[in-house]
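Below is the file my_file08.txt, which contains compact mmCIF, C-alpha atoms and all ligand atoms.
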# COMPACT_ATOMS: atom_id res chain seq x y z
CA MET A 179 63.17 44.60 73.22
CA LYS A 180 59.95 45.21 75.16
CA MET A 181 58.10 42.96 72.75
CA MET A 182 60.58 40.14 73.34
CA LYS A 183 60.23 40.47 77.12
CA VAL A 184 56.46 40.29 76.85
CA ALA A 185 56.72 37.28 74.55
CA SER A 186 59.06 35.36 76.84
CA LEU A 187 56.89 36.19 79.86
CA LEU A 188 53.91 34.89 77.99
CA MET A 189 55.77 31.69 77.13
CA VAL A 190 56.72 31.12 80.79
CA LEU A 191 53.12 31.71 81.80
CA LEU A 192 51.84 29.31 79.15
CA ALA A 193 54.31 26.65 80.20
CA MET A 194 53.21 27.00 83.85
CA LEU A 195 49.57 26.79 82.88
CA SER A 196 50.01 23.71 80.75
CA CYS A 197 52.11 22.07 83.46
CA GLY A 198 49.36 22.66 85.96
CA ASN A 199 46.78 21.29 83.57
CA ASN A 200 48.82 18.20 82.88
CA ASN A 201 49.22 17.46 86.55
CA GLU A 202 45.52 17.88 87.14
CA THR A 203 44.63 15.70 84.19
CA ASN A 204 46.88 12.94 85.44
CA LYS A 205 45.44 13.22 88.92
CA GLU A 206 41.92 13.12 87.50
CA LYS A 207 42.83 10.09 85.44
CA GLU A 208 44.16 8.30 88.53
CA GLU A 209 41.02 9.14 90.50
CA LYS A 210 38.82 7.86 87.68
CA ALA A 211 40.79 4.62 87.51
CA VAL A 212 40.25 4.09 91.22
CA GLU A 213 36.55 4.98 91.09
CA ALA A 214 35.46 2.83 88.14
CA PRO A 215 36.18 -0.90 88.34
CA PRO A 216 36.49 -2.62 84.95
CA LYS A 217 33.11 -3.26 83.34
CA PRO A 218 32.11 -6.94 83.39
CA LYS A 219 32.02 -8.58 79.97
CA PRO A 220 28.79 -10.17 78.78
CA GLY A 221 28.99 -13.94 78.64
CA THR A 222 31.24 -14.60 81.61
CA PRO A 223 30.07 -17.51 83.80
CA ILE A 224 28.81 -16.82 87.33
CA LYS A 225 28.71 -18.98 90.43
CA PHE A 226 25.26 -20.38 91.19
CA ASP A 227 23.78 -20.60 94.66
CA SER A 228 21.73 -23.81 94.89
CA SER A 229 19.46 -22.27 97.55
CA LYS A 230 18.28 -19.64 95.03
CA ARG A 231 15.81 -19.65 92.15
CA TYR A 232 17.11 -17.85 89.06
CA ILE A 233 14.65 -15.81 87.03
CA TYR A 234 15.44 -14.73 83.46
CA LEU A 235 13.17 -12.00 82.13
CA THR A 236 13.63 -12.29 78.35
CA TRP A 237 11.67 -9.70 76.40
CA ASP A 238 11.39 -9.98 72.61
CA ASP A 239 11.23 -7.74 69.52
CA SER A 240 13.07 -4.63 70.75
CA PRO A 241 13.72 -1.86 69.94
CA GLN A 242 9.98 -1.11 70.01
CA PRO A 243 9.31 2.18 71.72
CA PRO A 244 7.36 3.12 73.75
CA GLY A 245 7.16 -0.46 75.12
CA THR A 246 10.93 -1.01 75.25
CA VAL A 247 11.49 2.31 77.05
CA VAL A 248 8.72 1.55 79.56
CA CYS A 249 10.07 -1.95 80.34
CA ARG A 250 13.65 -0.71 80.60
CA ASP A 251 12.58 2.00 83.05
CA ILE A 252 10.49 -0.40 85.17
CA PHE A 253 13.33 -2.97 85.33
CA ARG A 254 15.73 -0.18 86.27
CA LYS A 255 13.43 1.25 88.94
CA GLU A 256 12.87 -2.19 90.44
CA GLY A 257 16.58 -3.02 90.21
CA VAL A 258 16.14 -6.26 88.26
CA LYS A 259 18.29 -7.61 85.44
CA ALA A 260 16.70 -8.52 82.11
CA THR A 261 17.50 -9.57 78.55
CA PHE A 262 16.22 -7.85 75.42
CA PHE A 263 16.12 -10.10 72.35
CA ALA A 264 16.37 -7.50 69.60
CA VAL A 265 15.32 -7.53 65.95
CA GLY A 266 17.79 -5.85 63.57
CA MET A 267 15.22 -4.27 61.26
CA HIS A 268 13.38 -2.72 64.22
CA ALA A 269 16.36 -0.38 64.68
CA PHE A 270 15.37 1.50 61.52
CA ASP A 271 15.92 5.05 62.70
CA MET A 272 18.34 6.96 64.93
CA ARG A 273 16.03 6.87 67.96
CA ARG A 274 15.61 3.10 67.84
CA ARG A 275 19.29 2.47 67.10
CA LYS A 276 20.20 4.61 70.12
CA LEU A 277 17.75 2.67 72.28
CA ALA A 278 19.29 -0.67 71.28
CA GLU A 279 22.75 0.77 71.85
CA GLU A 280 21.82 2.11 75.26
CA ILE A 281 20.53 -1.33 76.28
CA ARG A 282 23.72 -2.97 74.98
CA GLU A 283 25.84 -0.54 76.99
CA SER A 284 23.77 -1.10 80.16
CA TYR A 285 25.31 -4.50 80.84
CA PRO A 286 25.41 -6.09 83.46
CA GLU A 287 21.96 -4.59 84.15
CA PHE A 288 20.60 -5.51 80.72
CA LEU A 289 21.79 -7.82 77.99
CA LEU A 290 21.15 -7.29 74.28
CA ALA A 291 20.69 -10.64 72.52
CA ASN A 292 19.76 -11.79 69.01
CA HIS A 293 16.22 -12.31 67.70
CA SER A 294 17.20 -12.19 63.97
CA TYR A 295 17.38 -9.29 61.53
CA SER A 296 14.07 -9.69 59.71
CA HIS A 297 12.03 -11.48 62.40
CA GLY A 298 12.04 -14.63 60.31
CA PHE A 299 11.56 -12.95 56.91
CA ASN A 300 8.70 -10.81 58.27
CA ASN A 301 7.01 -13.70 60.08
CA GLN A 302 7.18 -16.00 57.04
CA TYR A 303 8.35 -18.79 59.30
CA LYS A 304 7.85 -21.62 56.83
CA LYS A 305 10.19 -19.95 54.32
CA PHE A 306 12.64 -18.91 57.05
CA TYR A 307 13.02 -22.35 58.61
CA THR A 308 13.32 -24.23 55.31
CA GLN A 309 16.28 -22.04 54.25
CA PRO A 310 18.83 -22.60 57.02
CA ASP A 311 21.71 -20.83 55.23
CA SER A 312 19.67 -17.66 54.67
CA ALA A 313 18.27 -17.85 58.19
CA VAL A 314 21.75 -18.10 59.72
CA LYS A 315 22.86 -15.11 57.60
CA ASP A 316 19.85 -13.20 58.89
CA PHE A 317 20.92 -13.79 62.51
CA GLN A 318 24.50 -12.83 61.66
CA ARG A 319 23.32 -9.62 60.05
CA ALA A 320 21.49 -8.67 63.25
CA GLU A 321 24.58 -9.59 65.26
CA ALA A 322 26.79 -7.32 63.15
CA GLU A 323 24.41 -4.36 62.83
CA LEU A 324 23.32 -4.27 66.48
CA LYS A 325 26.80 -5.28 67.74
CA ILE A 326 25.28 -8.04 69.84
CA PRO A 327 27.93 -9.03 72.38
CA VAL A 328 26.93 -12.69 72.91
CA LYS A 329 26.24 -15.79 70.81
CA ILE A 330 22.74 -16.13 72.21
CA ILE A 331 19.74 -16.35 69.91
CA ARG A 332 15.99 -16.70 70.25
CA LEU A 333 14.26 -18.11 67.20
CA PRO A 334 11.31 -16.04 65.94
CA GLY A 335 8.00 -17.73 66.70
CA ASN A 336 9.45 -21.01 68.01
CA ASN A 337 10.41 -22.51 71.34
CA SER A 338 13.70 -24.19 70.39
CA TRP A 339 16.83 -24.73 72.42
CA VAL A 340 20.52 -25.25 71.72
CA LEU A 341 22.56 -25.46 74.89
CA ASP A 342 25.73 -27.14 76.02
CA GLY A 343 25.43 -30.47 74.21
CA GLU A 344 21.63 -30.43 73.94
CA MET A 345 19.24 -29.44 71.18
CA LYS A 346 15.46 -29.56 71.08
CA GLY A 347 12.55 -27.86 69.38
CA PRO A 348 9.88 -28.33 66.73
CA LYS A 349 11.01 -30.48 63.80
CA SER A 350 10.30 -27.55 61.44
CA THR A 351 13.10 -25.47 62.99
CA GLU A 352 15.65 -28.30 63.25
CA GLY A 353 17.66 -27.32 60.16
CA VAL A 354 18.19 -23.82 61.51
CA TYR A 355 18.95 -24.55 65.16
CA LYS A 356 21.33 -27.40 64.28
CA LYS A 357 23.31 -25.09 62.02
CA LEU A 358 23.39 -22.42 64.71
CA GLY A 359 24.59 -25.02 67.21
CA GLU A 360 27.39 -26.10 64.87
CA LEU A 361 28.49 -22.47 64.64
CA GLY A 362 28.71 -22.17 68.42
CA TYR A 363 25.47 -20.30 69.07
CA ASN A 364 23.18 -20.93 72.02
CA VAL A 365 19.48 -20.91 71.25
CA ILE A 366 17.15 -20.05 74.10
CA GLY A 367 13.46 -20.92 74.21
CA TRP A 368 11.25 -20.28 77.23
CA ASP A 369 9.68 -22.06 80.20
CA VAL A 370 6.78 -19.66 80.59
CA GLU A 371 5.26 -17.09 78.28
CA TRP A 372 3.35 -14.04 79.43
CA GLY A 373 0.97 -14.26 76.49
CA PHE A 374 -0.73 -11.51 74.52
CA LYS A 375 -3.74 -11.11 72.27
CA GLY A 376 -4.58 -8.58 69.57
CA GLY A 377 -0.89 -7.85 68.95
CA ASN A 378 -0.01 -6.33 72.32
CA THR A 379 -2.57 -6.90 75.11
CA PRO A 380 -1.34 -9.11 77.97
CA ILE A 381 -3.57 -12.14 78.62
CA GLN A 382 -2.61 -12.94 82.22
CA GLY A 383 -2.54 -10.61 85.20
CA ALA A 384 0.48 -10.21 87.48
CA GLN A 385 -0.75 -12.54 90.22
CA GLU A 386 -1.68 -15.26 87.74
CA MET A 387 1.80 -15.05 86.19
CA VAL A 388 3.49 -15.32 89.61
CA LYS A 389 1.35 -18.40 90.35
CA ILE A 390 2.44 -20.01 87.06
CA VAL A 391 6.10 -19.25 87.80
CA ASN A 392 5.88 -20.70 91.33
CA GLU A 393 4.13 -23.84 90.10
CA LYS A 394 6.79 -24.42 87.42
CA PHE A 395 9.51 -24.19 90.05
CA GLU A 396 7.67 -26.36 92.58
CA ASP A 397 6.86 -29.07 90.03
CA ALA A 398 10.42 -28.94 88.63
CA LEU A 399 9.06 -28.37 85.14
CA THR A 400 11.74 -25.94 83.97
CA VAL A 401 14.39 -26.84 81.37
CA ALA A 402 17.20 -26.20 83.88
CA PRO A 403 16.62 -26.86 87.59
CA ASN A 404 16.19 -23.75 89.77
CA ALA A 405 16.07 -21.54 86.67
CA ILE A 406 13.13 -20.18 84.73
CA VAL A 407 13.09 -18.38 81.40
CA ILE A 408 10.12 -16.03 81.11
CA LEU A 409 9.15 -14.68 77.69
CA ALA A 410 7.18 -11.50 77.12
CA HIS A 411 7.18 -8.69 74.56
CA ASP A 412 8.15 -5.07 75.26
CA ARG A 413 5.11 -3.71 73.40
CA MET A 414 2.66 -5.40 75.83
CA PHE A 415 3.48 -2.92 78.57
CA ALA A 416 3.13 0.42 76.77
CA LYS A 417 -0.25 1.27 78.38
CA PRO A 418 -0.34 2.47 82.02
CA GLN A 419 -2.58 -0.36 83.33
CA TYR A 420 -0.16 -2.97 81.95
CA GLN A 421 2.85 -1.04 83.25
CA ASP A 422 1.32 -1.45 86.71
CA SER A 423 0.88 -5.13 86.01
CA LEU A 424 4.56 -5.55 85.12
CA THR A 425 5.66 -3.63 88.22
CA ARG A 426 3.36 -5.77 90.38
CA PHE A 427 4.70 -8.98 88.80
CA ILE A 428 8.28 -7.97 89.62
CA THR A 429 7.43 -6.72 93.11
CA LEU A 430 5.69 -10.00 93.97
CA LEU A 431 8.65 -12.05 92.69
CA LYS A 432 11.12 -9.82 94.54
CA ALA A 433 9.23 -10.43 97.80
CA ASP A 434 10.54 -14.02 97.80
CA PRO A 435 14.18 -13.89 98.97
CA LYS A 436 14.96 -17.07 97.01
CA ASN A 437 14.41 -15.27 93.70
CA VAL A 438 17.39 -13.80 91.86
CA PHE A 439 17.07 -11.95 88.54
CA GLU A 440 19.80 -12.59 85.99
CA THR A 441 20.59 -11.90 82.35
CA ILE A 442 20.42 -14.89 80.00
CA ASP A 443 24.20 -15.13 79.51
CA HIS A 444 24.11 -16.39 83.11
CA TYR A 445 21.70 -19.23 82.38
CA PRO A 446 23.07 -22.50 83.83
CA LEU A 447 23.29 -24.43 80.55
CA ILE A 448 24.87 -21.75 78.36
CA ASN A 449 27.78 -22.92 76.26
CA TYR A 450 30.50 -20.30 76.68
CA PRO A 451 32.90 -19.70 73.83
CA LYS A 452 36.29 -21.19 74.60
CA ASP A 453 38.70 -18.39 75.43
CA LYS A 454 42.29 -18.08 74.23
CA ASP A 455 43.71 -19.59 77.44
CA THR A 456 41.78 -22.81 76.87
CA THR A 457 43.09 -23.03 73.32
CA ALA A 458 46.63 -22.46 74.56
CA THR A 459 46.26 -25.19 77.18
CA LYS A 460 44.88 -27.58 74.59
CA LYS A 461 47.77 -26.84 72.23
CA ALA A 462 50.28 -27.38 75.04
CA LYS A 463 48.85 -30.85 75.62
ZN ZN A 501 9.56 -12.16 68.16
Could I get this structure in the form of structure tokens?
Amino acid sequence: MKMMKVASLLMVLLAMLSCGNNNETNKEKEEKAVEAPPKPKPGTPIKFDSSKRYIYLTWDDSPQPPGTVVCRDIFRKEGVKATFFAVGMHAFDMRRRKLAEEIRESYPEFLLANHSYSHGFNNQYKKFYTQPDSAVKDFQRAEAELKIPVKIIRLPGNNSWVLDGEMKGPKSTEGVYKKLGELGYNVIGWDVEWGFKGGNTPIQGAQEMVKIVNEKFEDALTVAPNAIVILAHDRMFAKPQYQDSLTRFITLLKADPKNVFETIDHYPLINYPKDKDTTATKKAK
């Protein structure tokens, strides 16, 4: 008898406890829903302000620590958006995979985009660009393994472009970029490169780079008006003196209120995949 009383008391207590917990969980859930607005999806068009100059920092060959980590931290500290064009085979261990994943999940701050799986068959560009089917498969492998959220590609070693209705680049890469265009990919080249020598040493200083950027804007020499795509490589900024140079470059650009930093999915000429609504409208017609 006593045992039964204890047991029923325990059951009542348990029920009360779980009730309380449930209520709290629901309340917490509601609070969370209010606090966190839905995350923006990569590849959604933005509205452009014609009084602004749009700057696209597009850094290649990630994940390549320590350079990638350094650049990510500088961009974050300076509060600027940037795009990392990643190479599938560079994510060869857990640490590098996590780094690529972290960048992918940092959108809208950072965008993870596609720079092929094998970096053009280990820099054998001639072979890579004369085998369009294999090259396209290589990009698709990177897309699948790194879960790249956008159809935006940079060709290894070549300044080629596929944008809304327009294609251009060296003749040698034509077979590959045309095929990518047919499959609905955008290919992004660059307006300005922050060059390097000896594998990873920046050639220009920060002030020189800012001068080049300003001149390109002033002379209207960019592919899209009021927009500039800047190419650099993560590994160039691993050493402290070059970290300072990158910070200085960004600080100088930020000092001009016309300058806005955006990820490359917000480049003016990007061809956005047609969503389901568009298809439905087309079918209705
Ligand atoms: Zn590269």
Let me have all residues with an atom within 6 Å of ligand ZN 501 (chain A), counting only C-alpha atoms and all ligand atoms, laid out as a list of chain:residue names.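 Going residue by residue within 6 Å of ligand ZN 501 (chain A), we get A:Asp238, A:Asp239, A:Pro334, A:Gly335.
Non-sequential neighbours of range 306-310 of chain A (distance at most 7 Å, separation of 3 or more positions within a chain, all atoms listed in the file) are Gly298, Phe299, Gln302, Tyr303, Ala313, Val314, Ser350, Thr351, Gly353 and Val354 of chain A.
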Output of the above residues as an mmCIF file, keeping the file's coordinate frame, restricted to C-alpha atoms:
data_model
loop_
_atom_site.group_PDB
_atom_site.id
_atom_site.type_symbol
_atom_site.label_atom_id
_atom_site.label_comp_id
_atom_site.auth_asym_id
_atom_site.auth_seq_id
_atom_site.Cartn_x
_atom_site.Cartn_y
_atom_site.Cartn_z
ATOM 1 C CA GLY A 298 12.040 -14.630 60.310
ATOM 2 C CA PHE A 299 11.560 -12.950 56.910
ATOM 3 C CA GLN A 302 7.180 -16.000 57.040
ATOM 4 C CA TYR A 303 8.350 -18.790 59.300
ATOM 5 C CA ALA A 313 18.270 -17.850 58.190
ATOM 6 C CA VAL A 314 21.750 -18.100 59.720
ATOM 7 C CA SER A 350 10.300 -27.550 61.440
ATOM 8 C CA THR A 351 13.100 -25.470 62.990
ATOM 9 C CA GLY A 353 17.660 -27.320 60.160
ATOM 10 C CA VAL A 354 18.190 -23.820 61.510
#
Dump as a list in words all residues having an atom at most 12 Å from (20.4, -20.6, 91.4), computed in the file's coordinates with only C-alpha atoms.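 Applying the cut-off with only C-alpha atoms, one gets Ile224, Lys225, Phe226, Asp227, Ser228, Ser229, Lys230, Arg231, Tyr232, Ile233, Tyr234, Phe395, Ala402, Pro403, Asn404, Ala405, Ile406, Pro435, Lys436, Asn437, Val438, Phe439, Glu440, His444, Tyr445, Pro446 and Leu447 of chain A.
For the point (1.1, 4.1, 72.9), the residues with an atom at a distance of at most 10 Å are A:Pro243, A:Pro244, A:Gly245, A:Arg413, A:Phe415, A:Ala416, A:Lys417, A:Pro418, counting all atoms listed in the file.
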So that I can see what lies close to Lys329 in chain A, please list as JSON, numbers by chain the residues with an atom at most 12 Å from it, counting all atoms listed in the file and leaving out residues fewer than 2 positions away in the same chain. {"A": [220, 221, 222, 263, 289, 290, 291, 292, 293, 294, 317, 318, 320, 321, 322, 325, 326, 327, 331, 332, 340, 341, 358, 359, 360, 361, 362, 363, 364, 365, 366, 442, 443, 448, 449, 450, 451]}
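Of note, CA of Thr425 in chain A and CA of Lys255 in chain A are spaced 9.2 Å apart.
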Figure out the distance between CA of Asn300 in chain A and CA of Trp237 in chain A, please, to one decimal in Å.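 Between CA of Trp237 in chain A and CA of Asn300 in chain A the gap is 18.4 Å.
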